[in-house]
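**Student:** The following file, data_6.tsv, comprises TSV, C-alpha atoms:
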chain	number	residue	atom	x	y	z
A	1	MET	CA	-24.68	-26.18	95.55
A	2	LYS	CA	-24.46	-28.29	98.69
A	3	GLN	CA	-20.76	-28.75	98.06
A	4	SER	CA	-20.09	-24.97	97.95
A	5	ASN	CA	-22.05	-24.44	101.20
A	6	ILE	CA	-19.76	-26.84	103.04
A	7	GLU	CA	-16.71	-25.14	101.51
A	8	LEU	CA	-18.01	-21.75	102.62
A	9	SER	CA	-18.58	-22.84	106.21
A	10	VAL	CA	-15.13	-24.50	106.40
A	11	GLY	CA	-13.59	-21.27	105.06
A	12	ALA	CA	-15.46	-19.20	107.65
A	13	PHE	CA	-14.38	-21.57	110.41
A	14	VAL	CA	-10.72	-21.29	109.38
A	15	LEU	CA	-11.00	-17.48	109.25
A	16	ILE	CA	-12.52	-17.37	112.77
A	17	GLY	CA	-9.70	-19.64	113.95
A	18	ILE	CA	-7.02	-17.33	112.50
A	19	ALA	CA	-8.74	-14.27	114.03
A	20	ALA	CA	-8.79	-15.99	117.44
A	21	ILE	CA	-5.05	-16.79	117.19
A	22	VAL	CA	-4.21	-13.18	116.25
A	23	TRP	CA	-6.35	-11.84	119.13
A	24	PHE	CA	-4.69	-14.21	121.59
A	25	ALA	CA	-1.19	-13.26	120.38
A	26	ILE	CA	-1.92	-9.54	120.92
A	27	GLN	CA	-3.36	-10.19	124.37
A	28	ALA	CA	-0.40	-12.34	125.42
A	29	GLY	CA	2.04	-9.69	124.18
A	30	ALA	CA	0.25	-7.03	126.28
A	31	GLY	CA	-0.36	-4.93	123.17
A	32	VAL	CA	3.36	-4.49	122.49
A	33	ALA	CA	2.75	-4.99	118.78
A	34	PHE	CA	0.99	-1.64	118.60
A	35	GLY	CA	3.27	0.11	121.11
A	36	GLY	CA	0.43	2.34	122.20
A	37	ALA	CA	-0.58	0.89	125.55
A	38	THR	CA	2.88	0.61	127.13
A	39	TYR	CA	6.09	2.55	127.68
A	40	GLN	CA	9.66	1.63	128.48
A	41	VAL	CA	11.71	2.42	131.62
A	42	ASN	CA	15.23	1.33	132.54
A	43	ALA	CA	16.85	0.48	135.86
A	44	ARG	CA	20.46	-0.19	136.85
A	45	PHE	CA	21.25	-3.04	139.26
A	46	THR	CA	24.57	-4.33	140.58
A	47	ASN	CA	23.23	-7.90	140.69
A	48	ILE	CA	20.06	-9.22	139.08
A	49	GLY	CA	20.24	-12.78	140.43
A	50	GLY	CA	18.16	-14.96	138.13
A	51	LEU	CA	16.01	-12.25	136.52
A	52	LYS	CA	15.19	-13.07	132.88
A	53	PRO	CA	13.54	-11.26	129.97
A	54	GLY	CA	9.82	-11.89	130.44
A	55	SER	CA	9.98	-11.69	134.27
A	56	GLN	CA	7.07	-9.81	135.80
A	57	VAL	CA	7.09	-6.21	137.05
A	58	LEU	CA	4.74	-5.72	140.01
A	59	ILE	CA	3.38	-2.83	142.09
A	60	ALA	CA	1.69	-3.91	145.33
A	61	GLY	CA	1.65	-7.44	143.90
A	62	VAL	CA	-0.27	-6.36	140.78
A	63	PRO	CA	1.42	-7.11	137.42
A	64	VAL	CA	2.00	-3.83	135.57
A	65	GLY	CA	4.57	-4.91	133.00
A	66	HIS	CA	7.46	-7.20	132.18
A	67	VAL	CA	11.24	-7.26	131.68
A	68	GLU	CA	12.05	-6.75	127.99
A	69	LYS	CA	15.84	-6.83	127.80
A	70	ILE	CA	18.89	-7.12	130.08
A	71	ASP	CA	22.27	-5.63	129.14
A	72	LEU	CA	25.64	-5.15	130.82
A	73	ASP	CA	27.04	-1.60	130.99
A	74	SER	CA	30.68	-0.48	130.91
A	75	GLN	CA	30.92	-0.61	134.73
A	76	TYR	CA	29.71	-4.23	134.81
A	77	ALA	CA	26.26	-3.32	136.15
A	78	ALA	CA	23.04	-4.77	134.72
A	79	ILE	CA	20.75	-2.42	132.81
A	80	VAL	CA	17.24	-3.83	132.82
A	81	GLN	CA	14.75	-2.57	130.25
A	82	MET	CA	11.13	-2.86	131.42
A	83	ILE	CA	7.85	-2.41	129.56
A	84	VAL	CA	5.18	-0.87	131.79
A	85	ASN	CA	1.46	-0.31	131.07
A	86	LYS	CA	0.77	3.25	129.98
A	87	GLY	CA	-1.90	3.84	132.63
A	88	VAL	CA	0.68	3.32	135.41
A	89	HIS	CA	2.48	6.58	136.24
A	90	LEU	CA	5.76	6.13	138.10
A	91	PRO	CA	7.01	9.04	140.26
A	92	SER	CA	10.68	9.81	139.54
A	93	ASP	CA	11.78	8.54	142.99
A	94	THR	CA	10.28	5.09	142.46
A	95	ILE	CA	12.42	2.28	143.88
A	96	ALA	CA	12.89	-0.91	141.85
A	97	SER	CA	13.79	-4.03	143.87
A	98	ILE	CA	14.51	-7.54	142.64
A	99	LYS	CA	12.51	-10.00	144.75
A	100	THR	CA	11.92	-13.73	144.75
A	101	SER	CA	8.47	-15.27	144.91
A	102	GLY	CA	8.72	-17.66	147.85
A	103	LEU	CA	12.12	-18.90	148.94
A	104	ILE	CA	13.40	-20.38	145.69
A	105	GLY	CA	10.77	-19.14	143.24
A	106	ASP	CA	11.05	-16.94	140.17
A	107	LYS	CA	12.65	-13.52	140.34
A	108	PHE	CA	10.53	-10.44	139.64
A	109	ILE	CA	10.86	-6.66	139.91
A	110	ALA	CA	8.81	-4.93	142.61
A	111	LEU	CA	8.30	-1.20	142.06
A	112	ALA	CA	7.63	1.02	145.09
A	113	PRO	CA	6.33	4.41	143.86
A	114	GLY	CA	7.70	7.44	145.70
A	115	ALA	CA	6.37	10.88	146.61
A	116	ASP	CA	7.83	13.01	143.78
A	117	SER	CA	5.31	15.07	141.81
A	118	GLY	CA	7.21	14.52	138.54
A	119	ASN	CA	6.81	11.20	136.74
A	120	LEU	CA	9.42	9.14	134.92
A	121	PRO	CA	9.24	9.91	131.18
A	122	PRO	CA	9.09	7.04	128.64
A	123	GLY	CA	12.66	5.78	128.31
A	124	GLY	CA	13.57	7.23	131.73
A	125	THR	CA	15.84	5.51	134.24
A	126	ILE	CA	15.03	4.47	137.81
A	127	THR	CA	18.15	5.42	139.79
A	128	ASP	CA	17.11	3.98	143.16
A	129	THR	CA	17.32	0.23	142.94
A	130	GLU	CA	17.82	-2.74	145.24
A	131	SER	CA	19.65	-5.68	143.76
A	132	ALA	CA	18.82	-9.33	144.32
A	133	LEU	CA	19.70	-10.48	147.83
A	134	ASP	CA	22.47	-13.02	147.66
A	135	LEU	CA	21.09	-15.68	150.00
A	136	GLU	CA	24.13	-17.92	149.66
A	137	SER	CA	26.56	-15.24	150.81
A	138	LEU	CA	24.28	-14.30	153.71
A	139	VAL	CA	24.02	-17.93	154.79
A	140	SER	CA	27.79	-18.41	154.48
A	141	ARG	CA	28.29	-15.32	156.64
A	142	PHE	CA	26.42	-17.01	159.46
A	143	ALA	CA	27.79	-20.46	158.79
A	144	PHE	CA	31.47	-19.52	158.55
A	145	GLY	CA	31.50	-16.29	160.54
A	146	ASN	CA	32.97	-17.76	163.72
A	147	VAL	CA	35.77	-19.65	162.00
A	148	SER	CA	37.77	-16.38	161.97
A	149	SER	CA	40.26	-15.46	164.71
A	150	SER	CA	37.69	-13.72	166.94
A	151	PRO	CA	36.52	-15.88	169.85
A	152	ALA	CA	32.92	-17.09	169.95
A	153	PRO	CA	30.76	-14.81	172.13
A	154	SER	CA	30.02	-16.07	175.62
A	155	PRO	CA	26.35	-16.04	176.64
A	156	SER	CA	26.95	-13.35	179.26
A	157	GLU	CA	28.65	-10.97	176.85
A	158	PRO	CA	26.65	-7.84	176.08
A	159	LYS	CA	25.81	-7.51	172.42
B	1	MET	CA	51.51	53.39	133.49
B	2	ARG	CA	47.87	52.87	134.31
B	3	THR	CA	47.02	51.41	130.86
B	4	GLU	CA	49.89	48.99	131.17
B	5	PHE	CA	48.62	47.83	134.49
B	6	PHE	CA	45.16	47.25	132.99
B	7	ARG	CA	46.66	45.37	130.08
B	8	TYR	CA	48.53	43.14	132.52
B	9	LEU	CA	45.35	42.58	134.47
B	10	LEU	CA	43.42	41.63	131.33
B	11	LYS	CA	46.13	39.16	130.34
B	12	SER	CA	46.14	37.47	133.73
B	13	PHE	CA	42.34	37.46	134.00
B	14	PRO	CA	41.79	33.94	132.57
B	15	VAL	CA	44.43	32.56	134.93
B	16	LEU	CA	42.75	34.22	137.89
B	17	LEU	CA	39.38	32.84	136.76
B	18	VAL	CA	40.71	29.28	136.67
B	19	PHE	CA	42.15	29.69	140.17
B	20	ALA	CA	38.85	31.04	141.47
B	21	ALA	CA	36.93	28.11	139.92
B	22	VAL	CA	39.27	25.57	141.48
B	23	ARG	CA	38.98	27.23	144.89
B	24	LEU	CA	35.20	27.31	144.62
B	25	ALA	CA	35.01	23.63	143.67
B	26	CYS	CA	37.13	22.63	146.67
B	27	GLY	CA	35.56	24.99	149.13
B	28	SER	CA	31.93	24.07	148.51
B	29	GLY	CA	32.55	20.36	149.04
B	30	ASP	CA	31.88	19.64	145.38
B	31	ASP	CA	33.36	16.18	145.62
B	32	PRO	CA	30.83	13.73	147.10
B	33	ALA	CA	33.52	11.25	148.20
B	34	THR	CA	35.43	13.88	150.22
B	35	MET	CA	32.20	15.16	151.75
B	36	LEU	CA	31.11	11.64	152.74
B	37	ARG	CA	34.51	10.71	154.15
B	38	SER	CA	34.76	13.81	156.34
B	39	SER	CA	31.16	13.46	157.59
B	40	VAL	CA	31.54	9.77	158.46
B	41	ASP	CA	34.87	10.52	160.17
B	42	GLU	CA	33.24	13.29	162.19
B	43	VAL	CA	30.32	11.09	163.29
B	44	LEU	CA	32.65	8.22	164.21
B	45	SER	CA	34.96	10.41	166.27
B	46	ILE	CA	31.94	11.74	168.19
B	47	ALA	CA	30.49	8.23	168.63
B	48	TYR	CA	33.78	6.70	169.81
B	49	SER	CA	34.89	9.61	171.99
B	50	GLY	CA	34.35	7.45	175.06
B	51	ARG	CA	31.43	9.40	176.47
B	52	ASP	CA	28.12	7.81	177.45
B	53	ASN	CA	25.74	6.64	174.72
B	54	GLU	CA	22.72	8.36	176.32
B	55	THR	CA	23.61	11.80	174.97
B	56	LEU	CA	24.97	10.48	171.67
B	57	PRO	CA	21.88	11.31	169.52
B	58	ALA	CA	22.05	14.97	170.57
B	59	ARG	CA	25.80	15.12	169.94
B	60	VAL	CA	25.74	13.60	166.44
B	61	ARG	CA	22.59	15.46	165.29
B	62	PRO	CA	24.35	18.65	164.02
B	63	THR	CA	26.80	16.64	161.89
B	64	LEU	CA	24.10	14.32	160.54
B	65	GLU	CA	21.88	17.27	159.64
B	66	LYS	CA	24.77	18.66	157.59
B	67	CYS	CA	25.31	15.50	155.53
B	68	PHE	CA	21.88	13.80	155.49
B	69	ALA	CA	19.00	15.21	153.40
B	70	PHE	CA	16.39	14.50	156.10
B	71	ASP	CA	13.59	16.42	154.29
B	72	LEU	CA	14.09	14.44	151.11
B	73	VAL	CA	14.53	11.14	152.97
B	74	THR	CA	11.29	11.58	154.94
B	75	ARG	CA	9.38	12.45	151.77
B	76	GLN	CA	10.79	9.41	149.98
B	77	VAL	CA	10.10	7.11	152.90
B	78	MET	CA	6.41	8.10	153.11
B	79	GLY	CA	5.87	7.30	149.41
B	80	PRO	CA	2.80	8.44	147.44
B	81	GLY	CA	0.85	9.05	150.69
B	82	TRP	CA	3.09	12.06	151.41
B	83	ARG	CA	0.98	14.20	149.07
B	84	GLN	CA	-2.05	13.74	151.37
B	85	PHE	CA	-0.13	15.18	154.36
B	86	SER	CA	-0.87	18.81	155.29
B	87	ALA	CA	2.13	21.19	155.48
B	88	ALA	CA	2.04	21.00	159.29
B	89	ASP	CA	1.86	17.18	159.21
B	90	GLN	CA	4.80	17.06	156.79
B	91	LYS	CA	6.89	19.24	159.10
B	92	ARG	CA	6.02	17.20	162.18
B	93	ALA	CA	6.62	13.87	160.41
B	94	THR	CA	10.04	15.09	159.19
B	95	GLU	CA	11.05	16.11	162.73
B	96	LEU	CA	9.89	12.84	164.27
B	97	PHE	CA	11.36	10.61	161.57
B	98	SER	CA	14.77	12.36	161.70
B	99	GLU	CA	14.81	11.91	165.48
B	100	LEU	CA	13.87	8.22	165.14
B	101	VAL	CA	16.63	7.58	162.60
B	102	ILE	CA	19.27	9.38	164.69
B	103	ARG	CA	18.27	7.56	167.88
B	104	THR	CA	17.97	4.14	166.21
B	105	TYR	CA	21.40	4.32	164.63
B	106	SER	CA	23.04	5.85	167.72
B	107	ALA	CA	21.91	2.74	169.58
B	108	ARG	CA	23.81	0.65	167.00
B	109	VAL	CA	27.19	2.01	168.14
B	110	VAL	CA	28.86	-1.07	169.56
B	111	GLY	CA	32.24	-1.78	171.08
B	112	THR	CA	34.92	0.71	171.94
B	113	GLN	CA	37.05	0.40	168.84
B	114	ARG	CA	36.28	2.48	165.77
B	115	PRO	CA	35.23	0.36	162.78
B	116	LYS	CA	37.57	0.45	159.81
B	117	ILE	CA	36.00	1.73	156.59
B	118	ALA	CA	37.33	1.19	153.06
B	119	TYR	CA	35.69	3.36	150.40
B	120	GLY	CA	35.28	2.36	146.76
B	121	THR	CA	35.16	4.55	143.67
B	122	PRO	CA	32.00	6.68	143.31
B	123	VAL	CA	29.64	5.58	140.52
B	124	THR	CA	27.55	8.24	138.78
B	125	ILE	CA	23.93	7.01	138.49
B	126	ALA	CA	22.36	10.26	137.19
B	127	SER	CA	23.58	13.77	136.43
B	128	ASP	CA	22.99	14.86	140.05
B	129	ARG	CA	23.28	11.53	141.86
B	130	CYS	CA	26.06	9.11	142.70
B	131	GLU	CA	26.69	5.93	144.66
B	132	ILE	CA	29.72	5.39	146.90
B	133	PRO	CA	30.38	1.79	147.91
B	134	SER	CA	32.22	1.02	151.14
B	135	ARG	CA	33.11	-1.91	153.37
B	136	VAL	CA	32.87	-1.57	157.13
B	137	SER	CA	34.90	-3.89	159.37
B	138	HIS	CA	33.93	-4.10	163.03
B	139	PHE	CA	36.27	-5.38	165.67
B	140	THR	CA	33.79	-6.57	168.25
B	141	ALA	CA	34.15	-10.08	169.61
B	142	SER	CA	30.42	-10.69	169.26
B	143	SER	CA	30.36	-10.31	165.48
B	144	SER	CA	32.25	-12.09	162.77
B	145	ASN	CA	35.09	-10.18	161.17
B	146	GLU	CA	33.46	-10.28	157.73
B	147	PRO	CA	33.24	-6.70	156.45
B	148	ILE	CA	29.72	-5.35	155.86
B	149	ALA	CA	28.93	-3.81	152.46
B	150	VAL	CA	27.48	-0.32	152.85
B	151	VAL	CA	26.56	1.79	149.81
B	152	TYR	CA	25.83	5.51	150.23
B	153	ARG	CA	23.54	7.16	147.66
B	154	MET	CA	24.16	10.89	147.36
B	155	ILE	CA	22.35	13.73	145.63
B	156	ARG	CA	23.60	17.21	144.67
B	157	LEU	CA	21.34	19.78	146.35
B	158	PRO	CA	21.79	23.60	146.32
B	159	GLY	CA	23.77	23.32	149.59
B	160	GLY	CA	26.15	20.62	148.29
B	161	TRP	CA	26.16	16.81	148.22
B	162	ARG	CA	23.85	15.07	150.72
B	163	ILE	CA	23.18	11.41	151.55
B	164	TYR	CA	19.62	10.35	150.65
B	165	ASP	CA	19.76	6.56	150.99
B	166	VAL	CA	22.02	3.95	152.54
B	167	LEU	CA	22.13	0.32	151.39
B	168	ILE	CA	23.40	-2.17	153.94
B	169	GLU	CA	24.22	-5.54	152.36
B	170	GLY	CA	22.06	-4.49	149.41
B	171	VAL	CA	18.98	-3.62	151.49
B	172	SER	CA	17.85	-0.03	151.01
B	173	PHE	CA	17.06	2.06	154.07
B	174	VAL	CA	14.40	4.09	152.19
B	175	SER	CA	12.77	1.03	150.62
B	176	ASN	CA	12.61	-0.76	153.99
B	177	TYR	CA	10.90	2.17	155.72
B	178	ARG	CA	8.68	2.94	152.70
B	179	ALA	CA	7.11	-0.52	152.90
B	180	GLN	CA	6.37	0.01	156.63
B	181	PHE	CA	4.91	3.51	156.28
B	182	GLU	CA	2.82	2.56	153.25
B	183	GLU	CA	0.84	0.20	155.46
B	184	LEU	CA	0.39	2.85	158.19
B	185	ILE	CA	-0.70	5.53	155.71
B	186	GLN	CA	-3.28	3.21	154.15
B	187	LYS	CA	-4.65	2.33	157.59
B	188	GLY	CA	-4.87	5.78	159.15
B	189	GLY	CA	-3.16	8.45	157.05
B	190	ALA	CA	-0.92	11.18	158.46
B	191	PRO	CA	-2.41	11.16	162.02
B	192	LEU	CA	-1.60	7.46	162.48
B	193	VAL	CA	1.95	7.93	161.14
B	194	ILE	CA	2.59	10.81	163.56
B	195	ARG	CA	1.00	8.94	166.49
B	196	THR	CA	3.08	5.83	165.77
B	197	LEU	CA	6.31	7.81	165.49
B	198	GLU	CA	5.56	9.68	168.74
B	199	ALA	CA	4.81	6.42	170.55
B	200	LYS	CA	8.01	4.85	169.21
B	201	LEU	CA	10.12	7.81	170.38
B	202	ALA	CA	8.49	7.76	173.82
B	203	ALA	CA	9.28	4.05	174.24
B	204	PRO	CA	12.49	3.00	176.05
B	205	ALA	CA	15.57	2.77	173.85
B	206	ALA	CA	15.76	-1.03	174.05
B	207	SER	CA	12.57	-1.53	172.04
B	208	ARG	CA	13.47	1.11	169.47
B	209	SER	CA	14.86	-0.82	166.54
So that I can check it, write out the structure of this file as structure tokens.

**Tutor:**
Amino acid sequence: MKQSNIELSVGAFVLIGIAAIVWFAIQAGAGVAFGGATYQVNARFTNIGGLKPGSQVLIAGVPVGHVEKIDLDSQYAAIVQMIVNKGVHLPSDTIASIKTSGLIGDKFIALAPGADSGNLPPGGTITDTESALDLESLVSRFAFGNVSSSPAPSPSEPK
Amino acid sequence: MRTEFFRYLLKSFPVLLVFAAVRLACGSGDDPATMLRSSVDEVLSIAYSGRDNETLPARVRPTLEKCFAFDLVTRQVMGPGWRQFSAADQKRATELFSELVIRTYSARVVGTQRPKIAYGTPVTIASDRCEIPSRVSHFTASSSNEPIAVVYRMIRLPGGWRIYDVLIEGVSFVSNYRAQFEELIQKGGAPLVIRTLEAKLAAPAASRS
């Protein structure tokens, strides 16, 4: 009798453990398993820098989704598939920009909702995008700019 | 004789229709690249006509109004807060913002030599929108000779193709202003936006950038 009591409690403990793992997996996946609480939107970028599947999607700094998939289209542009929480309505003139947290931090997508009365449907595409800023090319512009044939500006020269 | 004439007319009708369609397509500026090229050329020839820069905003305004969708741009720039604006506020904000944009960019006309612009192939981004990449080379001694990447975003409106956003080195004009106005709208709504724009326009040109 005592033996079966111990077995029962161990069984219950294991079951609670499995339930906790399942609950945690659903929470971490933002309910994607059920597909009910999210929807998908796409955006086209000419350069995504170091954006990866799993990168965050933010509005006003608040996480509202994540990057699901990144593909290359026939014109060599990146098509980013995002999963956004269902409660977040995106006007059709929303702008998607690729930003970096800090100077060399992770890349994420910042959404800036627009003023349109119509919202993007599930599976819709954000046409207004800003690609990742290429810091290296901007720095090289300043660093090597004056090597070209034009003379360096004199201090008195009007800009 | 008359029936023969009608028969001839009926036969040639499809040919006439094709001609009419081609003429219409060319005449209404149906090609965004041609429309952009001619507008930019027009603005540049006004800007580099050698006259003083003080009157430049007034001189380029008619051309810019033809090619720039100022109503749409102002609405996009104000973001979600635009819906709280009254009709009168929306009208006033559009007037002020268009003026600010025209004056700000007129002040950017530098040097006496026209910049050289190379246009790329238009990319269709939606059924009624396209992107036209270009590279602008300036010849001023004060800047490096590296060309600047400028992308024009255009939309097909009932009146023809219009520019609704410009990306300079990948930075969007609309996105840049949207971030600034969002803050103003959250602080003081439409009255603060209009007051700020009025104050900015009243300030001397040097501080307007």

**Student:** Closest to Ile59 in chain A among A:Val88, A:Ala110, A:Ala19, A:Ala115, using only C-alpha atoms?

**Tutor:**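 Of all the options, A:Ala110 lies closest to Ile59 in chain A.
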
**Student:** Have a look at B:Gln180, B:Gln186, B:Ser172, B:Thr34 and name the one nearest to Glu130 in chain A; count all atoms listed in the file.

**Tutor:**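 Using all atoms listed in the file, Glu130 in chain A sits closest to B:Ser172.
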
**Student:** One decimal, in Å: what's the spacing between CA of Gly118 in chain A and CA of Val73 in chain B?

**Tutor:**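 These atoms are spaced 16.5 Å apart.
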
**Student:** Let me make sure I understand: among A:Ile109, A:Ile95, A:Val62, A:Val10, which one has the smallest atom-to-atom distance to chain B if we use all atoms listed in the file?

**Tutor:**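 Among the listed residues, the smallest separation from chain B belongs to A:Ile95.
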
**Student:** Given all atoms listed in the file as the basis, pick out the residue of A:Val139, A:Arg44, A:Ile79, A:Ser74 nearest to chain B.

**Tutor:**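 Looking at the shortest contact to chain B, the residue is A:Arg44.
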
**Student:** So how far away is CA of Pro91 in chain A from CA of Asn47 in chain A, in Å?

**Tutor:** 23.5 Å

**Student:** Between A:Pro121, A:Val67, A:Ala20, A:Thr46, which residue has the minimum interatomic distance to chain B, considering all atoms listed in the file?

**Tutor:**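 When distances to chain B are compared using all atoms listed in the file, the smallest one comes from A:Thr46.
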
**Student:** Rounded to one decimal, what separation in Å do you get between CA of Ala60 in chain A and CA of Leu111 in chain A?

**Tutor:** 7.9 Å

**Student:** Check the smallest atom-to-atom distance from each of B:Glu99, B:Pro80, B:Val151, B:Ala47 to Tyr119 in chain B using all atoms listed in the file, then report the winner.

**Tutor:**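 When distances to Tyr119 in chain B are compared using all atoms listed in the file, the smallest one comes from B:Val151.
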
**Student:** Would you pick out the contacts of Gly65 in chain A at 6 Å or less, using all atoms listed in the file, so that residues sharing its chain but fewer than 4 positions from it are not included, and give the list as a compact mmCIF listing (two decimals) with C-alpha atoms, in the coordinates of the input?

**Tutor:**
# COMPACT_ATOMS: atom_id res chain seq x y z
CA VAL A 57 7.09 -6.21 137.05
CA ILE A 83 7.85 -2.41 129.56
CA VAL A 84 5.18 -0.87 131.79
CA ASN A 85 1.46 -0.31 131.07

**Student:** Residues proximal to (2.6, 4.1, 127.9) were defined as those with any atom within 8 Å of that point in the file's coordinates, counting all atoms listed in the file. Which are they, as a PyMOL selection string?

**Tutor:** chain A and resi 35-40+84-88+122

**Student:** Leaving out Pro147 in chain B and any residue of its chain fewer than 6 positions from it, which residues lie within 10 Å of it when counting only C-alpha atoms, given as a list in words?

**Tutor:**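 In the requested form, the answer reads Arg141 of chain A; Pro115, Lys116, Ile117, Ala118, Ser134, Arg135, Val136, Ser137, His138, Phe139 and Glu169 of chain B.
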
**Student:** Taking 4 positions as the minimum chain separation for residues in the same chain, which residues sit within 9 Å of Tyr105 in chain B when counting all atoms listed in the file? Answer as a list in words.

**Tutor:** Pro57, Leu100, Val101, Val109 and Ser209 of chain B

**Student:** List the spatial neighbours of Ala190 in chain B as a list in words - criterion: any atom at most 12 Å away, all atoms listed in the file, same-chain residues fewer than 4 positions off excluded.

**Tutor:**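 Close residues of Ala190 in chain B: Met78, Gly79, Pro80, Gly81, Trp82, Arg83, Gln84, Phe85, Ser86, Ala87, Ala88, Asp89, Gln90, Lys91, Arg92, Ala93, Thr94, Phe181, Glu182, Glu183, Leu184, Ile185, Gln186, Ile194, Arg195, Thr196 and Leu197 of chain B.
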
**Student:** Please list as a ChimeraX atom specification every residue within 9 Å of Ile132 in chain B, counting only C-alpha atoms and excluding residues in the same chain fewer than 3 positions away.

**Tutor:** /B:32-33,36,119-124,150-154
